[in-house]
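What follows is run37.pdb (PDB, C-alpha atoms).
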```
ATOM      1  CA  MET Y  28       8.933 -77.469  20.840
ATOM      2  CA  ARG Y  29       9.999 -74.321  19.048
ATOM      3  CA  THR Y  30      12.156 -71.704  20.740
ATOM      4  CA  ILE Y  31      11.587 -67.990  20.281
ATOM      5  CA  ASP Y  32      14.962 -66.302  20.610
ATOM      6  CA  LYS Y  33      14.884 -63.011  18.691
ATOM      7  CA  ARG Y  34      12.924 -59.773  18.581
ATOM      8  CA  LEU Y  35      12.645 -58.316  15.099
ATOM      9  CA  ASN Y  36      13.500 -54.618  14.928
ATOM     10  CA  ALA Y  37      12.885 -54.171  11.196
ATOM     11  CA  LYS Y  38       9.412 -53.122  10.072
ATOM     12  CA  LEU Y  39       7.347 -55.720   8.263
ATOM     13  CA  ALA Y  40       4.498 -55.424   5.830
ATOM     14  CA  PRO Y  41       1.178 -55.239   7.700
ATOM     15  CA  VAL Y  42      -0.060 -58.375   5.939
ATOM     16  CA  LEU Y  43       2.847 -60.427   7.328
ATOM     17  CA  MET Y  44       2.224 -59.118  10.844
ATOM     18  CA  GLN Y  45      -1.462 -59.981  10.670
ATOM     19  CA  ARG Y  46      -0.779 -63.521   9.450
ATOM     20  CA  ALA Y  47       1.715 -64.302  12.233
ATOM     21  CA  PRO Y  48       0.444 -66.373  15.186
ATOM     22  CA  THR Y  49       0.035 -64.296  18.337
ATOM     23  CA  LEU Y  50       1.324 -64.561  21.891
ATOM     24  CA  THR Y  51      -0.834 -62.726  24.424
ATOM     25  CA  LEU Y  52       1.012 -61.784  27.622
ATOM     26  CA  PRO Y  53       0.371 -59.577  30.671
ATOM     27  CA  TYR Y  54       2.961 -56.978  31.664
ATOM     28  CA  ASP Y  55       4.704 -59.166  34.270
ATOM     29  CA  ALA Y  56       5.314 -61.900  31.687
ATOM     30  CA  ARG Y  57       6.515 -59.396  29.081
ATOM     31  CA  CYS Y  58       9.275 -58.340  31.497
ATOM     32  CA  LYS Y  59      10.740 -61.857  31.623
ATOM     33  CA  SER Y  60      13.430 -62.986  29.214
ATOM     34  CA  ARG Y  61      13.120 -66.774  29.704
ATOM     35  CA  PHE Y  62       9.816 -68.567  30.149
ATOM     36  CA  ALA Y  63       7.511 -71.196  28.705
ATOM     37  CA  ALA Y  64       4.442 -69.911  26.917
ATOM     38  CA  THR Y  65       1.472 -70.995  24.857
ATOM     39  CA  LEU Y  66       0.652 -69.235  21.608
ATOM     40  CA  ASP Y  67      -2.955 -68.264  21.001
ATOM     41  CA  THR Y  68      -3.053 -71.145  18.521
ATOM     42  CA  GLY Y  69      -2.404 -73.574  21.397
ATOM     43  CA  GLU Y  70       1.209 -74.305  20.444
ATOM     44  CA  GLU Y  71       3.654 -74.478  23.347
ATOM     45  CA  VAL Y  72       6.927 -72.603  22.883
ATOM     46  CA  GLY Y  73       9.975 -71.616  24.862
ATOM     47  CA  VAL Y  74      10.960 -67.950  24.993
ATOM     48  CA  VAL Y  75      14.683 -67.232  25.378
ATOM     49  CA  LEU Y  76      15.453 -63.552  24.796
ATOM     50  CA  PRO Y  77      18.372 -61.318  25.857
ATOM     51  CA  ARG Y  78      18.229 -60.427  29.543
ATOM     52  CA  GLY Y  79      16.515 -57.133  30.233
ATOM     53  CA  THR Y  80      14.145 -57.442  27.277
ATOM     54  CA  VAL Y  81      10.696 -55.942  27.887
ATOM     55  CA  LEU Y  82       8.173 -56.858  25.211
ATOM     56  CA  ARG Y  83       5.538 -54.417  24.023
ATOM     57  CA  ASP Y  84       2.261 -54.794  22.209
ATOM     58  CA  GLY Y  85       2.920 -55.355  18.504
ATOM     59  CA  ASP Y  86       6.510 -56.600  18.860
ATOM     60  CA  MET Y  87       7.455 -59.228  16.294
ATOM     61  CA  LEU Y  88       9.438 -62.240  17.497
ATOM     62  CA  VAL Y  89      11.348 -64.843  15.486
ATOM     63  CA  ALA Y  90      11.430 -68.551  16.340
ATOM     64  CA  ASP Y  91      14.402 -70.825  15.739
ATOM     65  CA  ASP Y  92      12.730 -72.170  12.583
ATOM     66  CA  GLY Y  93      12.355 -68.660  11.146
ATOM     67  CA  GLY Y  94       8.649 -68.383  11.943
ATOM     68  CA  LEU Y  95       7.187 -65.088  13.143
ATOM     69  CA  VAL Y  96       5.148 -64.492  16.317
ATOM     70  CA  ARG Y  97       3.351 -61.238  17.178
ATOM     71  CA  VAL Y  98       3.090 -60.077  20.792
ATOM     72  CA  ILE Y  99      -0.243 -58.844  22.129
ATOM     73  CA  ALA Y 100      -0.491 -57.032  25.464
ATOM     74  CA  ALA Y 101      -3.158 -58.816  27.506
ATOM     75  CA  ALA Y 102      -5.941 -56.922  29.226
ATOM     76  CA  GLU Y 103      -5.382 -56.881  32.994
ATOM     77  CA  SER Y 104      -6.653 -55.144  36.126
ATOM     78  CA  VAL Y 105      -5.484 -51.532  36.075
ATOM     79  CA  LEU Y 106      -6.331 -48.164  37.567
ATOM     80  CA  ARG Y 107      -7.071 -45.307  35.161
ATOM     81  CA  VAL Y 108      -6.224 -42.042  36.865
ATOM     82  CA  ARG Y 109      -7.648 -38.724  35.684
ATOM     83  CA  ALA Y 110      -7.894 -35.356  37.424
ATOM     84  CA  PRO Y 111      -9.932 -32.135  37.205
ATOM     85  CA  ASP Y 112      -6.742 -30.175  36.473
ATOM     86  CA  ARG Y 113      -3.161 -30.822  35.363
ATOM     87  CA  LEU Y 114      -1.668 -29.869  38.740
ATOM     88  CA  THR Y 115      -3.589 -32.649  40.485
ATOM     89  CA  LEU Y 116      -2.550 -35.155  37.813
ATOM     90  CA  THR Y 117       1.072 -34.009  38.136
ATOM     91  CA  ARG Y 118       0.952 -34.486  41.902
ATOM     92  CA  ALA Y 119      -0.501 -37.946  41.421
ATOM     93  CA  ALA Y 120       2.352 -38.809  39.049
ATOM     94  CA  TYR Y 121       4.873 -37.408  41.552
ATOM     95  CA  HIS Y 122       3.697 -39.657  44.370
ATOM     96  CA  LEU Y 123       3.516 -42.722  42.153
ATOM     97  CA  GLY Y 124       7.062 -42.048  40.992
ATOM     98  CA  ASN Y 125       8.144 -41.583  44.604
ATOM     99  CA  ARG Y 126       7.015 -45.168  45.191
ATOM    100  CA  HIS Y 127       8.783 -46.463  42.067
ATOM    101  CA  THR Y 128       5.450 -47.547  40.628
ATOM    102  CA  PRO Y 129       5.399 -48.496  36.930
ATOM    103  CA  VAL Y 130       3.060 -46.020  35.222
ATOM    104  CA  GLU Y 131       1.715 -45.716  31.696
ATOM    105  CA  VAL Y 132       1.491 -42.024  30.847
ATOM    106  CA  GLY Y 133      -1.230 -40.748  28.534
ATOM    107  CA  ALA Y 134      -2.116 -37.255  27.335
ATOM    108  CA  ASP Y 135      -4.638 -36.718  30.129
ATOM    109  CA  GLU Y 136      -4.470 -39.857  32.261
ATOM    110  CA  LEU Y 137      -2.161 -42.246  34.074
ATOM    111  CA  LYS Y 138      -2.507 -46.004  34.151
ATOM    112  CA  LEU Y 139      -1.054 -48.390  36.739
ATOM    113  CA  GLU Y 140      -1.551 -51.922  37.993
ATOM    114  CA  ALA Y 141      -4.519 -52.176  40.351
ATOM    115  CA  ASP Y 142      -3.505 -51.605  43.981
ATOM    116  CA  PRO Y 143      -6.015 -50.681  46.736
ATOM    117  CA  VAL Y 144      -3.472 -48.681  48.765
ATOM    118  CA  LEU Y 145      -2.474 -46.556  45.789
ATOM    119  CA  GLU Y 146      -6.110 -46.218  44.743
ATOM    120  CA  ASP Y 147      -6.946 -44.775  48.176
ATOM    121  CA  MET Y 148      -3.954 -42.419  48.090
ATOM    122  CA  LEU Y 149      -4.818 -41.116  44.611
ATOM    123  CA  THR Y 150      -8.448 -40.537  45.562
ATOM    124  CA  ARG Y 151      -7.421 -38.518  48.630
ATOM    125  CA  LEU Y 152      -5.110 -36.432  46.463
ATOM    126  CA  GLY Y 153      -8.156 -35.399  44.443
ATOM    127  CA  ALA Y 154      -7.679 -37.658  41.419
ATOM    128  CA  GLN Y 155     -10.482 -39.570  39.732
ATOM    129  CA  VAL Y 156      -9.690 -43.295  39.769
ATOM    130  CA  GLU Y 157     -11.458 -45.926  37.698
ATOM    131  CA  ARG Y 158     -10.845 -49.679  37.728
ATOM    132  CA  ALA Y 159     -10.662 -51.257  34.298
ATOM    133  CA  GLN Y 160      -9.470 -54.285  32.315
ATOM    134  CA  LEU Y 161      -6.991 -52.914  29.771
ATOM    135  CA  PRO Y 162      -3.549 -53.635  28.306
ATOM    136  CA  PHE Y 163      -0.782 -52.114  30.445
ATOM    137  CA  GLN Y 164       2.370 -50.661  28.891
ATOM    138  CA  PRO Y 165       4.291 -48.487  31.392
ATOM    139  CA  GLU Y 166       7.083 -46.122  30.495
ATOM    140  CA  ALA Y 167      10.119 -48.092  29.329
ATOM    141  CA  GLY Y 168      13.473 -47.934  31.055
ATOM    142  CA  ALA Y 169      12.399 -46.044  34.162
ATOM    143  CA  TYR Y 170      11.740 -48.923  36.560
ATOM    144  CA  SER Y 171      13.607 -51.828  38.015
ATOM    145  CA  GLY Y 172      10.342 -53.768  38.340
ATOM    146  CA  GLN Y 173      11.084 -54.695  41.942
ATOM    147  CA  GLY Y 174       8.000 -54.355  44.112
ATOM    148  CA  GLY Y 175       6.759 -51.334  42.199
ATOM    149  CA  GLY Y 176       3.050 -51.479  42.950
ATOM    150  CA  GLN Y 177       2.912 -52.232  46.649
ATOM    151  CA  GLY Y 178       2.497 -48.673  47.878
ATOM    152  CA  GLY Y 179       5.826 -48.587  49.760
ATOM    153  CA  GLY Y 180       6.795 -44.974  50.443
ATOM    154  CA  HIS Y 181      10.210 -43.437  49.798
ATOM    155  CA  ARG Y 182      10.329 -39.886  51.057
ATOM    156  CA  HIS Y 183      13.001 -37.677  49.536
ATOM    157  CA  GLY Y 184      11.791 -34.315  50.827
ATOM    158  CA  HIS Y 185      13.701 -32.108  48.362
ATOM    159  CA  ASP Y 186      10.692 -30.329  46.847
ATOM    160  CA  GLU Y 187       8.716 -28.341  49.411
ATOM    161  CA  THR Y 188       5.998 -27.685  46.819
ATOM    162  CA  PHE Y 189       4.658 -31.159  47.490
ATOM    163  CA  ALA Y 190       5.045 -31.145  51.283
ATOM    164  CA  GLU Y 191       1.312 -30.973  51.944
ATOM    165  CA  ASP Y 192       0.498 -33.650  49.391
ATOM    166  CA  TYR Y 193       3.276 -35.850  50.681
ATOM    167  CA  ALA Y 194       1.932 -35.622  54.247
ATOM    168  CA  LEU Y 195      -1.457 -36.723  52.942
ATOM    169  CA  ALA Y 196       0.069 -39.606  51.027
ATOM    170  CA  GLN Y 197       1.999 -40.738  54.087
ATOM    171  CA  ARG Y 198      -1.167 -40.668  56.231
ATOM    172  CA  VAL Y 199      -2.838 -42.940  53.693
ATOM    173  CA  TYR Y 200       0.125 -45.296  53.765
ATOM    174  CA  GLU Y 201       0.160 -45.328  57.582
ATOM    175  CA  ASP Y 202      -3.568 -46.061  57.647
ATOM    176  CA  HIS Y 203      -2.903 -49.246  55.686
ATOM    177  CA  HIS Y 204       0.495 -50.286  57.015
ATOM    178  CA  GLY Y 205       0.760 -48.732  60.478
ATOM    179  CA  HIS Y 206       4.049 -46.957  59.941
ATOM    180  CA  ALA Y 207       5.842 -44.584  57.629
ATOM    181  CA  HIS Y 208       9.156 -45.337  55.985
ATOM    182  CA  SER Y 209      10.985 -42.031  55.754
ATOM    183  CA  HIS Y 210      14.206 -41.181  53.962
ATOM    184  CA  ASP Y 211      14.721 -37.495  54.781
ATOM    185  CA  HIS Y 212      17.906 -35.865  53.575
ATOM    186  CA  ALA Y 213      19.096 -32.622  55.157
ATOM    187  CA  HIS Y 214      21.176 -30.355  52.918
ATOM    188  CA  GLY Y 215      23.187 -27.284  53.772
ATOM    189  CA  GLU Y 216      25.916 -25.255  52.071
ATOM    190  CA  ASP Y 217      28.555 -25.999  54.688
ATOM    191  CA  HIS Y 218      27.576 -29.423  55.887
ATOM    192  CA  VAL Y 219      29.054 -32.112  58.027
ATOM    193  CA  HIS Y 220      28.741 -35.715  56.917
ATOM    194  CA  GLY Y 221      28.573 -37.853  60.032
ATOM    195  CA  HIS Y 222      28.753 -41.591  59.683
ATOM    196  CA  ASP Y 223      26.737 -42.014  62.844
ATOM    197  CA  CYS Y 224      24.227 -44.644  61.883
ATOM    198  CA  GLY Y 225      22.039 -43.997  64.875
ATOM    199  CA  HIS Y 226      22.974 -47.188  66.675
ATOM    200  CA  ASP Y 227      25.751 -48.419  68.914
ATOM    201  CA  HIS Y 228      28.568 -50.463  67.374
ATOM    202  CA  GLY Y 229      29.792 -51.564  70.787
ATOM    203  CA  HIS Y 230      29.453 -55.178  69.806
ATOM    204  CA  CYS Y 231      32.519 -54.876  67.555
ATOM    205  CA  ASP Y 232      35.319 -53.946  70.030
ATOM    206  CA  GLY Y 233      33.459 -53.400  73.257
ATOM    207  CA  HIS Y 234      32.964 -49.664  72.623
ATOM    208  CA  ALA Y 235      30.985 -47.396  70.324
ATOM    209  CA  HIS Y 236      32.577 -45.823  67.239
ATOM    210  CA  ASP Y 237      31.906 -42.278  66.116
ATOM    211  CA  HIS Y 238      32.993 -42.011  62.486
ATOM    212  CA  SER Y 239      31.866 -38.461  61.894
ATOM    213  CA  HIS Y 240      34.124 -36.215  59.839
ATOM    214  CA  GLU Y 241      33.865 -32.702  58.494
ATOM    215  CA  HIS Y 242      34.320 -31.652  54.864
ATOM    216  CA  ARG Y 243      35.731 -28.164  54.441
TER
END
```

For the file at hand, write its structure as C-alpha cells.
Amino acid sequence: MRTIDKRLNAKLAPVLMQRAPTLTLPYDARCKSRFAATLDTGEEVGVVLPRGTVLRDGDMLVADDGGLVRVIAAAESVLRVRAPDRLTLTRAAYHLGNRHTPVEVGADELKLEADPVLEDMLTRLGAQVERAQLPFQPEAGAYSGQGGGQGGGHRHGHDETFAEDYALAQRVYEDHHGHAHSHDHAHGEDHVHGHDCGHDHGHCDGHAHDHSHEHR
C-alpha cells in the first residue's frame, strides 16, 4: 500500500493535475493528518502528513513512490446563509463566530455544516437559510475544530451593538438545550480582580478562602 506523505506547494501544469488520480474527502477528513483512505480509482492508501495540515480542494499530494494525487472537496450537507442586507449577514457571522463555528465566507453568503440549532438561530436573526449538498471549505487558521458546529454559546458581551441579537440567539439556544452558558466579563477603569470563584473552598482546610486582591 502506498503512503501519501507530502503536500506539493509548487504549481504544476494543468495537464499533470488533471491526469493525477483523485482523493475525494469531506471537510472532517481533510482536517486529519493520519488516516487510511481510498482513491477514486479504488486504490487504498495511507495518508501521513505533518500534524495540523488541513487539505483544500485542488491540493496536490505526493506518494512515497513519487506519484501525484489531487484532492477533491466532497459535497456534504451544508447551510447556505444569505440575507436581505449586509447588516443582517454581518450579525449572522458574528453569532456563528461567537460559537466558534467553522464558516466559509463568500461575497454575499456564508456556508457552514448543517446544524438544526444554528439553522433556527439564523432564521430568527432574519437570514435566509438554504440546505444544500456542496463542498465545504471554511476559513483557514481561525478554528480549533473542536465541537464547532454544535450551537454551544459563548457570550462575551463586549459589543453592546449586538445585545438585542445576542438575546435572541440565546433564547433559541435555550429553546433547544434548556439553559444558557454565559461568560460575561465586567470591565471598569479602576477594577478589582477577585479570585472568588463563586463557591466555597471549605473542603481544603475546613474554612473558605477569599483570594480577592486589588490592583492599583

Hits from the PyMOL selection byres ((chain Y and resi 86) around 9), listed as a CSV table (one decimal) with C-alpha atoms, in the coordinates of the input:
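Saved as expr.csv:
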```csv
chain,number,residue,atom,x,y,z
Y,34,ARG,CA,12.9,-59.8,18.6
Y,35,LEU,CA,12.6,-58.3,15.1
Y,36,ASN,CA,13.5,-54.6,14.9
Y,82,LEU,CA,8.2,-56.9,25.2
Y,83,ARG,CA,5.5,-54.4,24.0
Y,84,ASP,CA,2.3,-54.8,22.2
Y,85,GLY,CA,2.9,-55.4,18.5
Y,87,MET,CA,7.5,-59.2,16.3
Y,88,LEU,CA,9.4,-62.2,17.5
Y,96,VAL,CA,5.1,-64.5,16.3
Y,97,ARG,CA,3.4,-61.2,17.2
Y,98,VAL,CA,3.1,-60.1,20.8
Y,99,ILE,CA,-0.2,-58.8,22.1
```

Worksheet item: Which polymer residues have any atom within 12 Å of an atom of Ala120 of chain Y, counting only C-alpha atoms, with same-chain residues fewer than 3 positions away left out, as a PyMOL selection string?
Response: chain Y and resi 108-110+113-117+123-133+135-139+145+148-149+152+154+189+192

Practice prompt. Identify which of the residues Y:Leu52, Y:Ala64, Y:Ala141, Y:Leu43 lies closest to Leu95 of chain Y, counting only C-alpha atoms when measuring atom-to-atom distances.
Written response: Y:Leu43

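Picture a line from atom CA of Lys33 of chain Y to atom CA of Val89 of chain Y; it runs 5.1 Å.
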
Discussion item. Could you tell me how far atom CA of Ala159 of chain Y sits from atom CA of Glu146 of chain Y, in Å to one decimal place?
Written reply: 12.5 Å

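Once the PyMOL selection byres ((chain Y and resi 74) around 7) is applied to this file, the selection holds Thr30, Ile31, Asp32, Ser60, Arg61, Phe62, Ala63, Val72, Gly73, Val75 and Leu76 of chain Y.
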
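Using all atoms listed in the file, the shortest contact distance between Ala56 of chain Y and any of Y:Thr68, Y:Gln164, Y:Glu157, Y:Val42 is found at Y:Gln164.
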
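The interatomic distance for the pair atom CA of Asp142 of chain Y and atom CA of Glu103 of chain Y works out to 12.3 Å.
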
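Among the candidates Y:Ala40, Y:Ala90, Y:Ala100, Y:Val144, the one nearest to Tyr54 of chain Y when counting only C-alpha atoms is Y:Ala100.
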
Completion of segment 73-90 of chain Y up to N, CA, C and O atoms, as a compact mmCIF listing (two decimals), keeping the file's coordinate frame:
```
# COMPACT_ATOMS: atom_id res chain seq x y z
N GLY Y 73 9.07 -72.13 23.86
CA GLY Y 73 9.98 -71.62 24.86
C GLY Y 73 10.49 -70.26 24.41
O GLY Y 73 10.85 -70.08 23.25
N VAL Y 74 10.49 -69.30 25.31
CA VAL Y 74 10.96 -67.95 24.99
C VAL Y 74 12.31 -67.75 25.66
O VAL Y 74 12.43 -67.87 26.89
N VAL Y 75 13.33 -67.46 24.87
CA VAL Y 75 14.68 -67.23 25.38
C VAL Y 75 15.22 -65.98 24.70
O VAL Y 75 15.78 -66.03 23.60
N LEU Y 76 15.05 -64.84 25.35
CA LEU Y 76 15.45 -63.55 24.80
C LEU Y 76 16.60 -62.96 25.61
O LEU Y 76 16.87 -63.41 26.74
N PRO Y 77 17.30 -61.97 25.09
CA PRO Y 77 18.37 -61.32 25.86
C PRO Y 77 17.85 -60.78 27.18
O PRO Y 77 16.73 -60.25 27.24
N ARG Y 78 18.64 -60.90 28.22
CA ARG Y 78 18.23 -60.43 29.54
C ARG Y 78 17.94 -58.93 29.50
O ARG Y 78 18.65 -58.17 28.85
N GLY Y 79 16.90 -58.54 30.21
CA GLY Y 79 16.52 -57.13 30.23
C GLY Y 79 15.49 -56.76 29.18
O GLY Y 79 15.02 -55.63 29.15
N THR Y 80 15.14 -57.72 28.32
CA THR Y 80 14.14 -57.44 27.28
C THR Y 80 12.77 -57.24 27.90
O THR Y 80 12.34 -58.01 28.74
N VAL Y 81 12.08 -56.18 27.48
CA VAL Y 81 10.70 -55.94 27.89
C VAL Y 81 9.87 -55.86 26.61
O VAL Y 81 10.08 -54.95 25.79
N LEU Y 82 8.97 -56.79 26.43
CA LEU Y 82 8.17 -56.86 25.21
C LEU Y 82 7.00 -55.89 25.28
O LEU Y 82 6.42 -55.66 26.35
N ARG Y 83 6.65 -55.34 24.11
CA ARG Y 83 5.54 -54.42 24.02
C ARG Y 83 4.52 -54.93 23.01
O ARG Y 83 4.83 -55.77 22.15
N ASP Y 84 3.33 -54.41 23.13
CA ASP Y 84 2.26 -54.79 22.21
C ASP Y 84 2.70 -54.51 20.77
O ASP Y 84 3.17 -53.42 20.45
N GLY Y 85 2.56 -55.52 19.90
CA GLY Y 85 2.92 -55.36 18.50
C GLY Y 85 4.32 -55.80 18.15
O GLY Y 85 4.68 -55.85 16.96
N ASP Y 86 5.16 -56.11 19.15
CA ASP Y 86 6.51 -56.60 18.86
C ASP Y 86 6.44 -57.88 18.05
O ASP Y 86 5.59 -58.75 18.29
N MET Y 87 7.37 -58.02 17.11
CA MET Y 87 7.46 -59.23 16.29
C MET Y 87 8.65 -60.05 16.74
O MET Y 87 9.78 -59.55 16.84
N LEU Y 88 8.40 -61.33 17.05
CA LEU Y 88 9.44 -62.24 17.50
C LEU Y 88 9.72 -63.28 16.41
O LEU Y 88 8.87 -63.55 15.56
N VAL Y 89 10.94 -63.84 16.47
CA VAL Y 89 11.35 -64.84 15.49
C VAL Y 89 11.71 -66.13 16.20
O VAL Y 89 12.50 -66.12 17.17
N ALA Y 90 11.14 -67.24 15.77
CA ALA Y 90 11.43 -68.55 16.34
C ALA Y 90 12.67 -69.14 15.67
O ALA Y 90 13.15 -68.64 14.65
```
